[in-house]
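Undergrad: Contents of my_file24.pdb (PDB, C-alpha atoms, pLDDT in the B column):
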MODEL        1
ATOM      1  CA  MET A 253      23.492  56.072 -33.097  1.00 84.00           C
ATOM      2  CA  ASN A 254      21.898  53.168 -31.275  1.00 92.00           C
ATOM      3  CA  PHE A 255      23.676  50.476 -29.271  1.00 92.00           C
ATOM      4  CA  GLU A 256      23.650  47.875 -32.046  1.00 94.00           C
ATOM      5  CA  GLN A 257      25.159  50.318 -34.548  1.00 94.00           C
ATOM      6  CA  ALA A 258      27.869  51.412 -32.119  1.00 93.00           C
ATOM      7  CA  LEU A 259      28.703  47.809 -31.250  1.00 94.00           C
ATOM      8  CA  LYS A 260      28.881  46.816 -34.923  1.00 96.00           C
ATOM      9  CA  GLU A 261      31.178  49.755 -35.651  1.00 95.00           C
ATOM     10  CA  LEU A 262      33.388  48.776 -32.728  1.00 95.00           C
ATOM     11  CA  GLU A 263      33.571  45.166 -33.926  1.00 96.00           C
ATOM     12  CA  GLU A 264      34.486  46.251 -37.456  1.00 96.00           C
ATOM     13  CA  ILE A 265      37.190  48.568 -36.180  1.00 96.00           C
ATOM     14  CA  ALA A 266      38.629  45.870 -33.932  1.00 95.00           C
ATOM     15  CA  ALA A 267      38.724  43.416 -36.835  1.00 95.00           C
ATOM     16  CA  LYS A 268      40.592  45.911 -39.032  1.00 95.00           C
ATOM     17  CA  LEU A 269      43.085  46.698 -36.267  1.00 95.00           C
ATOM     18  CA  GLU A 270      43.662  43.011 -35.544  1.00 95.00           C
ATOM     19  CA  GLN A 271      44.788  42.435 -39.127  1.00 95.00           C
ATOM     20  CA  GLY A 272      47.869  44.486 -38.329  1.00 91.00           C
ATOM     21  CA  ASP A 273      48.495  45.663 -41.897  1.00 94.00           C
ATOM     22  CA  LEU A 274      47.461  49.313 -41.523  1.00 94.00           C
ATOM     23  CA  PRO A 275      49.857  52.236 -41.619  1.00 96.00           C
ATOM     24  CA  LEU A 276      50.376  53.881 -38.240  1.00 96.00           C
ATOM     25  CA  GLU A 277      48.249  56.940 -38.994  1.00 96.00           C
ATOM     26  CA  ALA A 278      45.328  54.832 -40.249  1.00 96.00           C
ATOM     27  CA  ALA A 279      45.572  52.523 -37.236  1.00 96.00           C
ATOM     28  CA  LEU A 280      45.640  55.483 -34.862  1.00 97.00           C
ATOM     29  CA  SER A 281      42.623  57.038 -36.562  1.00 96.00           C
ATOM     30  CA  LEU A 282      40.709  53.756 -36.311  1.00 96.00           C
ATOM     31  CA  TYR A 283      41.732  53.415 -32.681  1.00 96.00           C
ATOM     32  CA  VAL A 284      40.273  56.851 -31.913  1.00 97.00           C
ATOM     33  CA  GLN A 285      37.044  55.891 -33.709  1.00 96.00           C
ATOM     34  CA  GLY A 286      36.969  52.682 -31.680  1.00 96.00           C
ATOM     35  CA  VAL A 287      37.318  54.569 -28.411  1.00 96.00           C
ATOM     36  CA  GLU A 288      34.448  56.833 -29.444  1.00 95.00           C
ATOM     37  CA  ALA A 289      32.280  53.831 -30.367  1.00 95.00           C
ATOM     38  CA  LEU A 290      33.144  52.191 -27.040  1.00 95.00           C
ATOM     39  CA  GLN A 291      32.189  55.332 -25.144  1.00 95.00           C
ATOM     40  CA  ALA A 292      28.888  55.456 -27.038  1.00 94.00           C
ATOM     41  CA  CYS A 293      28.206  51.814 -26.100  1.00 95.00           C
ATOM     42  CA  GLN A 294      29.015  52.479 -22.466  1.00 96.00           C
ATOM     43  CA  ALA A 295      26.776  55.557 -22.353  1.00 95.00           C
ATOM     44  CA  LEU A 296      23.873  53.727 -23.980  1.00 95.00           C
ATOM     45  CA  LEU A 297      24.265  50.794 -21.591  1.00 95.00           C
ATOM     46  CA  ALA A 298      24.371  53.125 -18.595  1.00 95.00           C
ATOM     47  CA  GLU A 299      21.198  54.828 -19.814  1.00 94.00           C
ATOM     48  CA  ALA A 300      19.452  51.487 -20.263  1.00 93.00           C
ATOM     49  CA  GLU A 301      20.607  50.374 -16.812  1.00 93.00           C
ATOM     50  CA  GLN A 302      19.139  53.508 -15.249  1.00 91.00           C
ATOM     51  CA  LYS A 303      15.806  52.926 -16.981  1.00 89.00           C
ATOM     52  CA  VAL A 304      15.687  49.321 -15.788  1.00 88.00           C
ATOM     53  CA  GLU A 305      16.620  50.372 -12.267  1.00 87.00           C
ATOM     54  CA  ILE A 306      13.751  52.876 -12.216  1.00 83.00           C
ATOM     55  CA  LEU A 307      11.297  50.264 -13.472  1.00 82.00           C
ATOM     56  CA  VAL A 308      12.464  47.625 -11.013  1.00 83.00           C
ATOM     57  CA  LYS A 309      12.655  49.960  -8.029  1.00 79.00           C
ATOM     58  CA  ASP A 310       8.893  50.021  -7.487  1.00 66.00           C
ATOM     59  CA  THR A 311       8.454  46.302  -8.038  1.00 73.00           C
ATOM     60  CA  ARG A 312      10.915  45.154  -5.369  1.00 68.00           C
ATOM     61  CA  LYS A 313       8.583  43.559  -2.877  1.00 64.00           C
ATOM     62  CA  PRO A 314       8.792  40.254  -1.026  1.00 62.00           C
ATOM     63  CA  PHE A 315       7.732  37.273  -3.102  1.00 59.00           C
ATOM     64  CA  SER A 316       4.225  36.061  -2.319  1.00 61.00           C
ATOM     65  CA  ARG A 317       2.402  33.198  -3.990  1.00 66.00           C
ATOM     66  CA  GLU A 318      -0.926  34.903  -3.287  1.00 65.00           C
ATOM     67  CA  ALA A 319       0.156  37.928  -5.308  1.00 54.00           C
ATOM     68  CA  GLN A 320       0.581  35.746  -8.410  1.00 55.00           C
ATOM     69  CA  ILE A 321      -2.869  34.173  -8.184  1.00 51.00           C
TER
ENDMDL
END
Go through the file and emit its structure as structure tokens.

TA:
Amino acid sequence: MNFEQALKELEEIAAKLEQGDLPLEAALSLYVQGVEALQACQALLAEAEQKVEILVKDTRKPFSREAQI
């Protein structure tokens, strides 16, 4: 599952739960699915953050106009 899919699933679950017309068992099941989707989003974001950090790490040098020319 990619980030966009997990986020969409989380949004759909939240919308269903916000309606407030679900039986307790169904709401609890959706809540568990929502927690799992949230954890997937958090893991994917953490992975992306690590990749960006690695890419940026080597490029952190003082700004110099001469370097851009």

Undergrad: Excluding same-chain residues fewer than 3 positions from Leu259 (chain A), what lies within 12 Å of it counting all atoms listed in the file, as a PyMOL selection string?

TA: chain A and resi 253-256+262-266+285-297

Undergrad: Calculate how many Å separate CA of Ser281 (chain A) from CA of Leu269 (chain A), rounding to one decimal.

TA: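 Distance between the two atoms: 10.4 Å.
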
Undergrad: Can you tell me how far CA of Val284 (chain A) sits from CA of Gln302 (chain A), in Å to one decimal?

TA: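 Rounded to one decimal, the two atoms are 27.1 Å apart.
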
Undergrad: Please, what distance in Å, to one decimal, runs between CA of Ala278 (chain A) and CA of Lys260 (chain A)?

TA: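 Interatomic distance here is 19.1 Å.
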
Undergrad: Got a minute to add N, CA and C atoms to region 268-292 of chain A and dump it as a PDB file, in the frame of the given file?

TA:
ATOM      1  N   LYS A 268      39.608  45.253 -38.164  1.00 95.00           N
ATOM      2  CA  LYS A 268      40.592  45.911 -39.032  1.00 95.00           C
ATOM      3  C   LYS A 268      41.928  46.086 -38.303  1.00 95.00           C
ATOM      4  N   LEU A 269      41.861  46.489 -37.036  1.00 95.00           N
ATOM      5  CA  LEU A 269      43.085  46.698 -36.267  1.00 95.00           C
ATOM      6  C   LEU A 269      43.815  45.380 -36.008  1.00 95.00           C
ATOM      7  N   GLU A 270      43.052  44.315 -35.814  1.00 95.00           N
ATOM      8  CA  GLU A 270      43.662  43.011 -35.544  1.00 95.00           C
ATOM      9  C   GLU A 270      44.421  42.460 -36.746  1.00 95.00           C
ATOM     10  N   GLN A 271      44.074  42.900 -37.939  1.00 95.00           N
ATOM     11  CA  GLN A 271      44.788  42.435 -39.127  1.00 95.00           C
ATOM     12  C   GLN A 271      46.245  42.875 -39.106  1.00 95.00           C
ATOM     13  N   GLY A 272      46.500  44.028 -38.515  1.00 91.00           N
ATOM     14  CA  GLY A 272      47.869  44.486 -38.329  1.00 91.00           C
ATOM     15  C   GLY A 272      48.562  44.985 -39.582  1.00 91.00           C
ATOM     16  N   ASP A 273      47.844  45.235 -40.662  1.00 94.00           N
ATOM     17  CA  ASP A 273      48.495  45.663 -41.897  1.00 94.00           C
ATOM     18  C   ASP A 273      48.229  47.123 -42.248  1.00 94.00           C
ATOM     19  N   LEU A 274      47.766  47.904 -41.276  1.00 94.00           N
ATOM     20  CA  LEU A 274      47.461  49.313 -41.523  1.00 94.00           C
ATOM     21  C   LEU A 274      48.674  50.184 -41.223  1.00 94.00           C
ATOM     22  N   PRO A 275      48.830  51.258 -41.974  1.00 96.00           N
ATOM     23  CA  PRO A 275      49.857  52.236 -41.619  1.00 96.00           C
ATOM     24  C   PRO A 275      49.535  52.845 -40.245  1.00 96.00           C
ATOM     25  N   LEU A 276      50.529  53.357 -39.592  1.00 96.00           N
ATOM     26  CA  LEU A 276      50.376  53.881 -38.240  1.00 96.00           C
ATOM     27  C   LEU A 276      49.275  54.924 -38.134  1.00 96.00           C
ATOM     28  N   GLU A 277      49.256  55.879 -39.044  1.00 96.00           N
ATOM     29  CA  GLU A 277      48.249  56.940 -38.994  1.00 96.00           C
ATOM     30  C   GLU A 277      46.832  56.391 -39.135  1.00 96.00           C
ATOM     31  N   ALA A 278      46.644  55.436 -40.049  1.00 96.00           N
ATOM     32  CA  ALA A 278      45.328  54.832 -40.249  1.00 96.00           C
ATOM     33  C   ALA A 278      44.916  54.036 -39.012  1.00 96.00           C
ATOM     34  N   ALA A 279      45.857  53.311 -38.434  1.00 96.00           N
ATOM     35  CA  ALA A 279      45.572  52.523 -37.236  1.00 96.00           C
ATOM     36  C   ALA A 279      45.208  53.445 -36.076  1.00 96.00           C
ATOM     37  N   LEU A 280      45.920  54.530 -35.932  1.00 97.00           N
ATOM     38  CA  LEU A 280      45.640  55.483 -34.862  1.00 97.00           C
ATOM     39  C   LEU A 280      44.258  56.113 -35.047  1.00 97.00           C
ATOM     40  N   SER A 281      43.931  56.466 -36.276  1.00 96.00           N
ATOM     41  CA  SER A 281      42.623  57.038 -36.562  1.00 96.00           C
ATOM     42  C   SER A 281      41.515  56.035 -36.240  1.00 96.00           C
ATOM     43  N   LEU A 282      41.690  54.795 -36.621  1.00 96.00           N
ATOM     44  CA  LEU A 282      40.709  53.756 -36.311  1.00 96.00           C
ATOM     45  C   LEU A 282      40.601  53.542 -34.808  1.00 96.00           C
ATOM     46  N   TYR A 283      41.730  53.586 -34.128  1.00 96.00           N
ATOM     47  CA  TYR A 283      41.732  53.415 -32.681  1.00 96.00           C
ATOM     48  C   TYR A 283      40.882  54.502 -32.013  1.00 96.00           C
ATOM     49  N   VAL A 284      41.052  55.732 -32.461  1.00 97.00           N
ATOM     50  CA  VAL A 284      40.273  56.851 -31.913  1.00 97.00           C
ATOM     51  C   VAL A 284      38.785  56.623 -32.178  1.00 97.00           C
ATOM     52  N   GLN A 285      38.440  56.190 -33.381  1.00 96.00           N
ATOM     53  CA  GLN A 285      37.044  55.891 -33.709  1.00 96.00           C
ATOM     54  C   GLN A 285      36.514  54.767 -32.814  1.00 96.00           C
ATOM     55  N   GLY A 286      37.358  53.784 -32.548  1.00 96.00           N
ATOM     56  CA  GLY A 286      36.969  52.682 -31.680  1.00 96.00           C
ATOM     57  C   GLY A 286      36.694  53.133 -30.260  1.00 96.00           C
ATOM     58  N   VAL A 287      37.530  54.028 -29.758  1.00 96.00           N
ATOM     59  CA  VAL A 287      37.318  54.569 -28.411  1.00 96.00           C
ATOM     60  C   VAL A 287      35.999  55.327 -28.359  1.00 96.00           C
ATOM     61  N   GLU A 288      35.703  56.087 -29.394  1.00 95.00           N
ATOM     62  CA  GLU A 288      34.448  56.833 -29.444  1.00 95.00           C
ATOM     63  C   GLU A 288      33.250  55.882 -29.503  1.00 95.00           C
ATOM     64  N   ALA A 289      33.359  54.819 -30.290  1.00 95.00           N
ATOM     65  CA  ALA A 289      32.280  53.831 -30.367  1.00 95.00           C
ATOM     66  C   ALA A 289      32.106  53.129 -29.026  1.00 95.00           C
ATOM     67  N   LEU A 290      33.205  52.822 -28.360  1.00 95.00           N
ATOM     68  CA  LEU A 290      33.144  52.191 -27.040  1.00 95.00           C
ATOM     69  C   LEU A 290      32.462  53.108 -26.033  1.00 95.00           C
ATOM     70  N   GLN A 291      32.810  54.375 -26.058  1.00 95.00           N
ATOM     71  CA  GLN A 291      32.189  55.332 -25.144  1.00 95.00           C
ATOM     72  C   GLN A 291      30.689  55.453 -25.412  1.00 95.00           C
ATOM     73  N   ALA A 292      30.310  55.409 -26.692  1.00 94.00           N
ATOM     74  CA  ALA A 292      28.888  55.456 -27.038  1.00 94.00           C
ATOM     75  C   ALA A 292      28.177  54.226 -26.489  1.00 94.00           C
TER      76      ALA A 292
END
